Structures are given as structure tokens and as C-alpha cells.
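The file protein-v3.pdb contains PDB, C-alpha atoms, pLDDT in the B column:
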```pdb
MODEL        1
ATOM      1  CA  SER A   1     -55.834 -56.143  37.542  1.00 66.00           C
ATOM      2  CA  THR A   2     -56.290 -53.579  34.772  1.00 74.00           C
ATOM      3  CA  LEU A   3     -59.462 -53.344  32.679  1.00 77.00           C
ATOM      4  CA  ALA A   4     -59.749 -51.360  29.462  1.00 78.00           C
ATOM      5  CA  ALA A   5     -63.501 -51.021  30.059  1.00 81.00           C
ATOM      6  CA  ALA A   6     -66.120 -52.683  32.230  1.00 83.00           C
ATOM      7  CA  THR A   7     -69.902 -52.746  32.294  1.00 84.00           C
ATOM      8  CA  LEU A   8     -71.677 -53.596  35.539  1.00 84.00           C
ATOM      9  CA  SER A   9     -75.327 -54.612  35.642  1.00 85.00           C
ATOM     10  CA  GLY A  10     -75.458 -54.590  39.440  1.00 85.00           C
ATOM     11  CA  THR A  11     -73.688 -52.954  42.365  1.00 88.00           C
ATOM     12  CA  LEU A  12     -69.953 -52.389  42.814  1.00 86.00           C
ATOM     13  CA  GLU A  13     -69.006 -52.958  46.432  1.00 89.00           C
ATOM     14  CA  MET A  14     -65.540 -52.274  47.871  1.00 89.00           C
ATOM     15  CA  GLY A  15     -64.878 -54.185  51.086  1.00 89.00           C
ATOM     16  CA  SER A  16     -61.514 -52.657  51.966  1.00 91.00           C
ATOM     17  CA  ALA A  17     -61.403 -50.558  55.121  1.00 92.00           C
ATOM     18  CA  SER A  18     -59.712 -47.719  53.196  1.00 93.00           C
ATOM     19  CA  ALA A  19     -61.013 -48.107  49.667  1.00 91.00           C
ATOM     20  CA  ALA A  20     -60.285 -45.620  46.869  1.00 90.00           C
ATOM     21  CA  LEU A  21     -61.532 -44.973  43.356  1.00 88.00           C
ATOM     22  CA  THR A  22     -58.579 -43.360  41.576  1.00 88.00           C
ATOM     23  CA  HIS A  23     -58.263 -41.855  38.120  1.00 88.00           C
ATOM     24  CA  SER A  24     -54.730 -41.552  36.728  1.00 87.00           C
ATOM     25  CA  GLY A  25     -55.427 -40.471  33.154  1.00 86.00           C
ATOM     26  CA  ALA A  26     -54.649 -37.092  31.601  1.00 91.00           C
ATOM     27  CA  SER A  27     -58.206 -35.896  30.878  1.00 92.00           C
ATOM     28  CA  GLY A  28     -60.767 -36.451  33.595  1.00 92.00           C
ATOM     29  CA  LEU A  29     -63.098 -38.780  35.487  1.00 90.00           C
ATOM     30  CA  SER A  30     -66.842 -38.697  34.930  1.00 91.00           C
ATOM     31  CA  ILE A  31     -69.338 -40.307  37.264  1.00 91.00           C
ATOM     32  CA  THR A  32     -72.763 -40.008  35.663  1.00 91.00           C
ATOM     33  CA  SER A  33     -76.243 -41.463  35.718  1.00 90.00           C
ATOM     34  CA  THR A  34     -77.994 -41.532  32.354  1.00 88.00           C
ATOM     35  CA  ASN A  35     -81.533 -41.223  33.675  1.00 89.00           C
ATOM     36  CA  GLY A  36     -81.160 -40.335  37.354  1.00 91.00           C
ATOM     37  CA  PHE A  37     -78.914 -38.937  40.045  1.00 93.00           C
ATOM     38  CA  VAL A  38     -75.578 -39.784  41.638  1.00 92.00           C
ATOM     39  CA  ASP A  39     -75.284 -39.912  45.436  1.00 93.00           C
ATOM     40  CA  VAL A  40     -71.871 -39.346  47.059  1.00 92.00           C
ATOM     41  CA  GLU A  41     -72.262 -39.849  50.812  1.00 92.00           C
ATOM     42  CA  SER A  42     -75.276 -37.635  51.654  1.00 94.00           C
ATOM     43  CA  VAL A  43     -74.814 -35.260  48.692  1.00 95.00           C
ATOM     44  CA  ARG A  44     -77.014 -35.815  45.645  1.00 94.00           C
ATOM     45  CA  PHE A  45     -75.779 -34.772  42.174  1.00 94.00           C
ATOM     46  CA  ASP A  46     -78.523 -34.463  39.560  1.00 93.00           C
ATOM     47  CA  GLY A  47     -77.318 -32.740  36.407  1.00 92.00           C
ATOM     48  CA  LEU A  48     -76.231 -29.243  37.496  1.00 92.00           C
ATOM     49  CA  ASN A  49     -78.103 -29.514  40.795  1.00 92.00           C
ATOM     50  CA  LEU A  50     -76.603 -30.396  44.168  1.00 93.00           C
ATOM     51  CA  GLY A  51     -78.753 -31.352  47.098  1.00 91.00           C
ATOM     52  CA  THR A  52     -79.852 -34.167  49.362  1.00 92.00           C
ATOM     53  CA  ALA A  53     -82.224 -37.080  49.128  1.00 92.00           C
ATOM     54  CA  THR A  54     -85.098 -34.886  50.325  1.00 90.00           C
ATOM     55  CA  ALA A  55     -84.074 -31.608  48.592  1.00 89.00           C
ATOM     56  CA  ALA A  56     -82.393 -32.406  45.305  1.00 87.00           C
ATOM     57  CA  THR A  57     -81.862 -28.810  44.105  1.00 89.00           C
ATOM     58  CA  VAL A  58     -80.324 -26.951  47.038  1.00 91.00           C
ATOM     59  CA  LEU A  59     -77.608 -25.556  44.727  1.00 92.00           C
ATOM     60  CA  THR A  60     -77.827 -25.055  40.971  1.00 92.00           C
ATOM     61  CA  LEU A  61     -74.575 -24.483  39.088  1.00 93.00           C
ATOM     62  CA  ASP A  62     -74.092 -22.568  35.844  1.00 92.00           C
ATOM     63  CA  ASP A  63     -71.240 -20.896  33.999  1.00 93.00           C
ATOM     64  CA  THR A  64     -71.654 -17.628  35.936  1.00 90.00           C
ATOM     65  CA  GLY A  65     -72.019 -18.935  39.487  1.00 90.00           C
ATOM     66  CA  VAL A  66     -74.168 -20.814  41.980  1.00 91.00           C
ATOM     67  CA  ALA A  67     -77.881 -20.361  42.690  1.00 91.00           C
ATOM     68  CA  LEU A  68     -79.545 -21.342  45.998  1.00 89.00           C
ATOM     69  CA  SER A  69     -82.721 -22.987  44.753  1.00 83.00           C
ATOM     70  CA  VAL A  70     -84.593 -23.929  47.929  1.00 84.00           C
ATOM     71  CA  ASP A  71     -87.391 -21.695  49.227  1.00 86.00           C
ATOM     72  CA  ALA A  72     -85.788 -20.947  52.616  1.00 87.00           C
ATOM     73  CA  ALA A  73     -82.067 -20.883  51.818  1.00 88.00           C
ATOM     74  CA  HIS A  74     -79.297 -19.864  54.194  1.00 89.00           C
ATOM     75  CA  ILE A  75     -75.512 -19.769  54.423  1.00 92.00           C
ATOM     76  CA  THR A  76     -74.286 -20.608  57.924  1.00 93.00           C
ATOM     77  CA  HIS A  77     -70.765 -20.241  59.307  1.00 95.00           C
ATOM     78  CA  GLY A  78     -70.040 -22.344  62.361  1.00 95.00           C
ATOM     79  CA  GLY A  79     -66.334 -21.628  62.839  1.00 94.00           C
ATOM     80  CA  THR A  80     -64.688 -19.489  65.514  1.00 96.00           C
ATOM     81  CA  THR A  81     -62.922 -16.963  63.267  1.00 96.00           C
ATOM     82  CA  GLY A  82     -65.180 -15.412  60.646  1.00 95.00           C
ATOM     83  CA  LEU A  83     -66.871 -15.629  57.260  1.00 94.00           C
ATOM     84  CA  ALA A  84     -65.584 -13.510  54.357  1.00 94.00           C
ATOM     85  CA  ILE A  85     -67.554 -12.875  51.168  1.00 93.00           C
ATOM     86  CA  THR A  86     -65.268 -10.949  48.823  1.00 94.00           C
ATOM     87  CA  SER A  87     -64.720 -10.037  45.207  1.00 93.00           C
ATOM     88  CA  THR A  88     -61.082  -9.743  44.181  1.00 92.00           C
ATOM     89  CA  ASN A  89     -61.571  -7.094  41.494  1.00 92.00           C
ATOM     90  CA  GLY A  90     -65.178  -5.944  41.843  1.00 92.00           C
ATOM     91  CA  TYR A  91     -68.175  -5.589  44.154  1.00 94.00           C
ATOM     92  CA  VAL A  92     -70.512  -7.892  46.075  1.00 94.00           C
ATOM     93  CA  ASP A  93     -74.287  -7.394  45.806  1.00 93.00           C
ATOM     94  CA  VAL A  94     -76.552  -8.558  48.672  1.00 93.00           C
ATOM     95  CA  GLU A  95     -80.179  -7.974  47.665  1.00 92.00           C
ATOM     96  CA  SER A  96     -80.159  -4.293  46.590  1.00 93.00           C
ATOM     97  CA  PHE A  97     -77.045  -3.389  48.613  1.00 94.00           C
ATOM     98  CA  ARG A  98     -73.693  -3.104  46.853  1.00 94.00           C
ATOM     99  CA  PHE A  99     -70.523  -3.679  48.889  1.00 94.00           C
ATOM    100  CA  TYR A 100     -67.371  -2.346  47.243  1.00 93.00           C
ATOM    101  CA  GLY A 101     -64.380  -2.429  49.564  1.00 92.00           C
ATOM    102  CA  LEU A 102     -65.312  -0.104  52.456  1.00 92.00           C
ATOM    103  CA  ASN A 103     -68.133   1.480  50.444  1.00 92.00           C
ATOM    104  CA  LEU A 104     -71.811   0.579  50.732  1.00 93.00           C
ATOM    105  CA  GLY A 105     -74.332   1.674  48.133  1.00 92.00           C
ATOM    106  CA  THR A 106     -76.598   0.564  45.306  1.00 92.00           C
ATOM    107  CA  ALA A 107     -76.168  -0.413  41.687  1.00 92.00           C
ATOM    108  CA  THR A 108     -76.543   3.241  40.618  1.00 90.00           C
ATOM    109  CA  ALA A 109     -74.765   4.873  43.589  1.00 89.00           C
ATOM    110  CA  ALA A 110     -71.940   2.630  44.772  1.00 86.00           C
ATOM    111  CA  LYS A 111     -70.591   4.989  47.469  1.00 87.00           C
ATOM    112  CA  VAL A 112     -73.561   6.108  49.557  1.00 90.00           C
ATOM    113  CA  LEU A 113     -71.717   5.161  52.771  1.00 92.00           C
ATOM    114  CA  THR A 114     -67.970   4.889  53.304  1.00 92.00           C
ATOM    115  CA  LEU A 115     -66.877   2.993  56.423  1.00 92.00           C
ATOM    116  CA  LYS A 116     -63.734   3.693  58.411  1.00 90.00           C
ATOM    117  CA  ASP A 117     -62.385   2.931  61.874  1.00 90.00           C
ATOM    118  CA  ALA A 118     -63.691   6.222  63.284  1.00 86.00           C
ATOM    119  CA  GLY A 119     -67.201   6.097  61.840  1.00 89.00           C
ATOM    120  CA  VAL A 120     -69.283   6.390  58.690  1.00 92.00           C
ATOM    121  CA  THR A 121     -69.077   8.997  55.925  1.00 92.00           C
ATOM    122  CA  LEU A 122     -72.083   9.831  53.716  1.00 91.00           C
ATOM    123  CA  SER A 123     -70.420  10.088  50.314  1.00 85.00           C
ATOM    124  CA  ALA A 124     -73.395  10.987  48.104  1.00 84.00           C
ATOM    125  CA  ASP A 125     -73.633  14.575  46.834  1.00 85.00           C
ATOM    126  CA  ALA A 126     -77.152  15.078  48.248  1.00 86.00           C
ATOM    127  CA  ALA A 127     -77.133  12.819  51.316  1.00 89.00           C
ATOM    128  CA  GLU A 128     -79.957  12.524  53.823  1.00 91.00           C
ATOM    129  CA  ILE A 129     -80.936  10.551  56.917  1.00 93.00           C
ATOM    130  CA  THR A 130     -84.691   9.948  57.025  1.00 94.00           C
ATOM    131  CA  HIS A 131     -86.729   8.346  59.812  1.00 96.00           C
ATOM    132  CA  GLY A 132     -90.064   6.936  58.709  1.00 95.00           C
ATOM    133  CA  GLY A 133     -91.221   5.284  61.934  1.00 94.00           C
ATOM    134  CA  ALA A 134     -94.020   6.349  64.231  1.00 96.00           C
ATOM    135  CA  THR A 135     -92.003   6.923  67.421  1.00 96.00           C
ATOM    136  CA  GLY A 136     -88.870   9.001  66.921  1.00 96.00           C
ATOM    137  CA  LEU A 137     -85.215   9.185  65.914  1.00 96.00           C
ATOM    138  CA  THR A 138     -82.497   9.430  68.569  1.00 95.00           C
ATOM    139  CA  ILE A 139     -78.943  10.515  67.803  1.00 95.00           C
ATOM    140  CA  SER A 140     -76.907  10.200  70.979  1.00 94.00           C
ATOM    141  CA  SER A 141     -73.417   9.770  72.360  1.00 94.00           C
ATOM    142  CA  THR A 142     -73.133   7.594  75.452  1.00 92.00           C
ATOM    143  CA  ALA A 143     -70.292   9.477  77.129  1.00 92.00           C
ATOM    144  CA  ALA A 144     -69.686  12.641  75.091  1.00 94.00           C
ATOM    145  CA  HIS A 145     -71.268  15.155  72.723  1.00 96.00           C
ATOM    146  CA  VAL A 146     -72.862  15.148  69.263  1.00 96.00           C
ATOM    147  CA  ASP A 147     -71.774  17.751  66.699  1.00 95.00           C
ATOM    148  CA  VAL A 148     -74.147  18.819  63.912  1.00 95.00           C
ATOM    149  CA  GLU A 149     -72.216  21.168  61.638  1.00 95.00           C
ATOM    150  CA  SER A 150     -70.743  23.705  64.132  1.00 96.00           C
ATOM    151  CA  VAL A 151     -73.441  23.179  66.792  1.00 97.00           C
ATOM    152  CA  ARG A 152     -72.552  20.932  69.758  1.00 97.00           C
ATOM    153  CA  PHE A 153     -75.202  18.991  71.683  1.00 97.00           C
ATOM    154  CA  THR A 154     -74.110  17.718  75.119  1.00 96.00           C
ATOM    155  CA  GLY A 155     -76.986  16.241  77.067  1.00 94.00           C
ATOM    156  CA  ALA A 156     -79.501  19.097  77.490  1.00 95.00           C
ATOM    157  CA  ASN A 157     -76.928  21.765  76.564  1.00 95.00           C
ATOM    158  CA  VAL A 158     -76.495  23.357  73.153  1.00 96.00           C
ATOM    159  CA  GLY A 159     -73.392  25.282  72.217  1.00 95.00           C
ATOM    160  CA  ILE A 160     -70.225  25.201  70.164  1.00 95.00           C
ATOM    161  CA  SER A 161     -66.845  23.593  70.588  1.00 94.00           C
ATOM    162  CA  GLY A 162     -65.456  26.342  72.834  1.00 92.00           C
ATOM    163  CA  ALA A 163     -68.651  27.036  74.781  1.00 94.00           C
ATOM    164  CA  THR A 164     -70.838  23.974  75.170  1.00 94.00           C
ATOM    165  CA  ASP A 165     -73.606  25.450  77.394  1.00 94.00           C
ATOM    166  CA  LEU A 166     -74.757  28.579  75.569  1.00 95.00           C
ATOM    167  CA  LEU A 167     -78.293  27.197  75.810  1.00 95.00           C
ATOM    168  CA  GLN A 168     -79.370  25.008  78.742  1.00 96.00           C
ATOM    169  CA  LEU A 169     -82.690  23.255  78.152  1.00 96.00           C
ATOM    170  CA  ALA A 170     -85.017  22.099  80.929  1.00 95.00           C
ATOM    171  CA  THR A 171     -88.679  21.249  81.371  1.00 95.00           C
ATOM    172  CA  SER A 172     -89.242  24.727  82.842  1.00 90.00           C
ATOM    173  CA  GLY A 173     -87.608  26.647  79.990  1.00 89.00           C
ATOM    174  CA  VAL A 174     -84.298  27.701  78.456  1.00 90.00           C
ATOM    175  CA  THR A 175     -81.361  29.299  80.202  1.00 90.00           C
ATOM    176  CA  VAL A 176     -79.050  31.434  78.064  1.00 89.00           C
ATOM    177  CA  GLY A 177     -75.450  31.048  79.182  1.00 89.00           C
ATOM    178  CA  GLY A 178     -74.057  33.828  77.003  1.00 84.00           C
ATOM    179  CA  THR A 179     -75.173  37.083  75.408  1.00 85.00           C
ATOM    180  CA  LEU A 180     -78.603  37.136  73.762  1.00 84.00           C
ATOM    181  CA  ASP A 181     -78.741  39.362  70.684  1.00 85.00           C
ATOM    182  CA  VAL A 182     -82.208  39.892  69.182  1.00 84.00           C
ATOM    183  CA  THR A 183     -82.390  41.732  65.861  1.00 86.00           C
ATOM    184  CA  GLY A 184     -86.101  41.378  65.127  1.00 86.00           C
ATOM    185  CA  ALA A 185     -89.377  42.069  66.892  1.00 84.00           C
ATOM    186  CA  THR A 186     -89.782  39.907  70.012  1.00 84.00           C
ATOM    187  CA  THR A 187     -92.977  39.071  71.883  1.00 84.00           C
ATOM    188  CA  LEU A 188     -93.011  37.811  75.488  1.00 83.00           C
ATOM    189  CA  SER A 189     -96.179  36.042  76.631  1.00 83.00           C
ATOM    190  CA  SER A 190     -95.146  36.020  80.287  1.00 83.00           C
ATOM    191  CA  THR A 191     -93.033  37.995  82.773  1.00 82.00           C
ATOM    192  CA  LEU A 192     -89.497  39.024  81.828  1.00 82.00           C
ATOM    193  CA  GLY A 193     -87.179  38.709  84.807  1.00 81.00           C
ATOM    194  CA  VAL A 194     -83.826  40.536  84.553  1.00 82.00           C
ATOM    195  CA  THR A 195     -81.352  40.007  87.416  1.00 82.00           C
ATOM    196  CA  GLN A 196     -78.640  42.363  86.085  1.00 82.00           C
ATOM    197  CA  ASP A 197     -78.574  45.805  84.452  1.00 84.00           C
ATOM    198  CA  ALA A 198     -80.593  46.217  81.262  1.00 84.00           C
ATOM    199  CA  THR A 199     -79.695  48.751  78.589  1.00 84.00           C
ATOM    200  CA  LEU A 200     -82.260  49.952  76.036  1.00 84.00           C
ATOM    201  CA  GLY A 201     -80.987  51.466  72.815  1.00 83.00           C
ATOM    202  CA  ALA A 202     -84.358  52.989  71.916  1.00 85.00           C
ATOM    203  CA  ASN A 203     -87.729  53.796  73.519  1.00 88.00           C
ATOM    204  CA  LEU A 204     -89.624  51.722  76.080  1.00 86.00           C
ATOM    205  CA  MET A 205     -93.226  51.457  74.851  1.00 86.00           C
ATOM    206  CA  MET A 206     -95.992  50.267  77.203  1.00 86.00           C
ATOM    207  CA  SER A 207     -99.256  49.469  75.420  1.00 85.00           C
ATOM    208  CA  SER A 208    -101.340  48.346  78.404  1.00 85.00           C
ATOM    209  CA  GLU A 209    -104.334  50.580  79.243  1.00 90.00           C
ATOM    210  CA  ALA A 210    -103.284  50.622  82.913  1.00 91.00           C
ATOM    211  CA  ALA A 211     -99.490  50.599  82.648  1.00 89.00           C
ATOM    212  CA  SER A 212     -97.184  51.176  85.587  1.00 89.00           C
ATOM    213  CA  LEU A 213     -93.477  51.397  86.327  1.00 87.00           C
ATOM    214  CA  SER A 214     -92.986  49.890  89.803  1.00 86.00           C
ATOM    215  CA  HIS A 215     -90.023  49.630  92.163  1.00 85.00           C
ATOM    216  CA  THR A 216     -90.433  46.818  94.741  1.00 84.00           C
ATOM    217  CA  ALA A 217     -87.156  46.738  96.693  1.00 81.00           C
ATOM    218  CA  SER A 218     -87.281  46.647 100.500  1.00 80.00           C
ATOM    219  CA  ALA A 219     -87.131  49.963 102.315  1.00 76.00           C
ATOM    220  CA  GLY A 220     -83.679  51.063 103.414  1.00 74.00           C
ATOM    221  CA  ALA A 221     -81.170  53.867 103.464  1.00 66.00           C
ATOM    222  CA  THR A 222     -79.949  53.083  99.953  1.00 73.00           C
ATOM    223  CA  SER A 223     -83.184  51.900  98.411  1.00 76.00           C
ATOM    224  CA  GLY A 224     -85.088  53.920  95.871  1.00 83.00           C
ATOM    225  CA  LEU A 225     -85.858  54.429  92.215  1.00 86.00           C
ATOM    226  CA  SER A 226     -83.852  56.885  90.120  1.00 87.00           C
ATOM    227  CA  ILE A 227     -84.905  58.088  86.694  1.00 87.00           C
ATOM    228  CA  THR A 228     -82.223  60.317  85.236  1.00 86.00           C
ATOM    229  CA  SER A 229     -81.122  61.811  81.995  1.00 85.00           C
TER     230      SER A 229
ENDMDL
END
```
Could you write out this file's structure as C-alpha cells?
Amino acid sequence: STLAAATLSGTLEMGSASAALTHSGASGLSITSTNGFVDVESVRFDGLNLGTATAATVLTLDDTGVALSVDAAHITHGGTTGLAITSTNGYVDVESFRFYGLNLGTATAAKVLTLKDAGVTLSADAAEITHGGATGLTISSTAAHVDVESVRFTGANVGISGATDLLQLATSGVTVGGTLDVTGATTLSSTLGVTQDATLGANLMMSSEAASLSHTASAGATSGLSITS
């Protein structure tokens, strides 16, 4: 039957196994409670708030969006594919982070980091990486090298792209794999061992009170010390 209007003072129960409440008009269907809430299954509608019987304001709707109103709110995805949070024509802010396409930044600097398949680009004019912890900062490559400007770090070796072991670091010291050019004054606090020829372009000055020039090779037909001009 068709009713123009009906007022119920009790409960409306539908006993059909597949019951439906259908609106066929041209405007809309309103289900409201004048002084309370409306429960649909386990979801509670109370004005602009959506929640449950025990937490009536989990979500609060307004003209600009949705607010999570509970103290410990979370958004959980339980599917097997993924969860996408996107803005068609703008950015997405999460706390103080601004996501804009492949760019990550802030409200005042939207492109601090730019992500790509090969890595991360620092896009700010004056970029910096700062470690504020009490232990240390490690920048490492599991199977290859790390380049900082034109300097290449490979394990304990320091070099460049074409010569990766110009400096070889160890707990006992540093081994120089190429030519060592020193343009300023140099002080050695221990013994200088030279295994090949050494050429001096100026004077050799010995400041010790008891200085000596010693030759320690084993005796033999070709052994000796020559000082020539």
C-alpha cells in the first residue's frame, strides 16, 4: 500500500528475509532523530558525528572534510594491494610534512626532497643533512661505493672515480696509493720510512743537537753510501 505520510509511536519491524527501505522521489531521503542519534547496523549517526555505541564521535563531518575526533585515532588498511591517499590537483599534508606528487617538504618549502626510482634529490637551495643523536651517522653502500662530490669512498679506501684507492685507511695508519704532494710545512712526530728514491728540491735541515746521517745496509761488494754533487 501507499501512504502519503505516517507517524509511528513505536517500532517499525520488517520481517521479510530481504527487506528494503526505498526512496523513489526526486529530492532525497532523510532519516533523523529530533533529540538523539540514529543507529544503522553498528554505525551511530549523531548530527555531523559518526561513531559507535561506545564512541559516538569517531568521525566529524563538515563542509571542508572529515575530522577524526577520538583521542587515539588510526586509519588501517587490511587489503592485499595498497592504500593510496592522493590529491587530484594539490598536495597532501601529514602533520607538518607536505606530499606533492614525488616531492616531500613543508608548507613553506614544498620541494625539500624529490623522490625518483634511483634515489632521493635534495631540492632546497641550501640543503643539509644533520644528525642530532648521541651515537653517530653512517652513510654506507652494501655492495658498492659512496660518492661525496668527486670523492669516492669504497670501504676503507678513499679516491676518485678512476682511482678508488688513493688513500687506504687502517687502524695502523694511512697508505698513500698515489703521489703525495705537500705544499706547506709538514711535521712528522715519528719515523719517516721511504722505500724508494727520495728527491729534495731544497735543503735538508736537521735541528737535533746530536744529528746523524746513517747508512745501515748489510756489508757487501755493492753496498755503501755515496754523497755526490
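Between atom CA of A:Gly178 and atom CA of A:Leu166 the separation is 5.5 Å.
Our summary of the geometry notes that atom CA of A:Ser123 is positioned 5.8 Å from atom CA of A:Lys111.
The gap separating atom CA of A:Gln196 from atom CA of A:His215 is 14.8 Å, in Å to one decimal.
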Resolved residues for the PyMOL selection byres ((chain A and resi 164) around 10) as a compact mmCIF listing (two decimals) with C-alpha atoms, in the coordinates of the input:
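Final output, saved to out_22.txt:
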```txt
# COMPACT_ATOMS: atom_id res chain seq x y z
CA HIS A 145 -71.27 15.16 72.72
CA VAL A 151 -73.44 23.18 66.79
CA ARG A 152 -72.55 20.93 69.76
CA PHE A 153 -75.20 18.99 71.68
CA THR A 154 -74.11 17.72 75.12
CA ASN A 157 -76.93 21.76 76.56
CA VAL A 158 -76.50 23.36 73.15
CA GLY A 159 -73.39 25.28 72.22
CA ILE A 160 -70.22 25.20 70.16
CA SER A 161 -66.84 23.59 70.59
CA GLY A 162 -65.46 26.34 72.83
CA ALA A 163 -68.65 27.04 74.78
CA ASP A 165 -73.61 25.45 77.39
CA LEU A 166 -74.76 28.58 75.57
CA LEU A 167 -78.29 27.20 75.81
CA GLN A 168 -79.37 25.01 78.74
CA GLY A 177 -75.45 31.05 79.18
```
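Residue membership of the PyMOL selection byres ((chain A and resi 90-93) around 12) in the shown file amounts to Ala84, Ile85, Thr86, Ser87, Thr88, Asn89, Val94, Glu95, Ser96, Phe97, Arg98, Phe99, Tyr100, Gly101, Leu102, Asn103, Leu104, Gly105, Thr106, Ala107, Ala110 and Lys111 of chain A.
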> Neighbours of A:Thr216 within 10 Å (all atoms listed in the file; same-chain residues fewer than 4 positions away dropped), as a list in words?
Replying inline: Ser223, Gly224 and Leu225 of chain A
Edge lengths and centre in Å, axis-aligned, stretch 44-56 of chain A plus 5 Å each side, as lines of an AutoDock Vina configuration file:
```
center_x = -80.4
center_y = -33.2
center_z = 43.4
size_x = 19.3
size_y = 17.8
size_z = 23.9
```
>> Can you translate the PyMOL selection byres ((chain A and resi 48) around 9) into the concrete residues it hits in this file, as a VMD selection string?
In response: chain A and resid 45 to 47 49 to 50 57 59 to 62
Next, dump the selected residues to file, keeping only C-alpha atoms, as a CSV table (one decimal), in the coordinates of the input.
```
chain,number,residue,atom,x,y,z
A,45,PHE,CA,-75.8,-34.8,42.2
A,46,ASP,CA,-78.5,-34.5,39.6
A,47,GLY,CA,-77.3,-32.7,36.4
A,49,ASN,CA,-78.1,-29.5,40.8
A,50,LEU,CA,-76.6,-30.4,44.2
A,57,THR,CA,-81.9,-28.8,44.1
A,59,LEU,CA,-77.6,-25.6,44.7
A,60,THR,CA,-77.8,-25.1,41.0
A,61,LEU,CA,-74.6,-24.5,39.1
A,62,ASP,CA,-74.1,-22.6,35.8
```
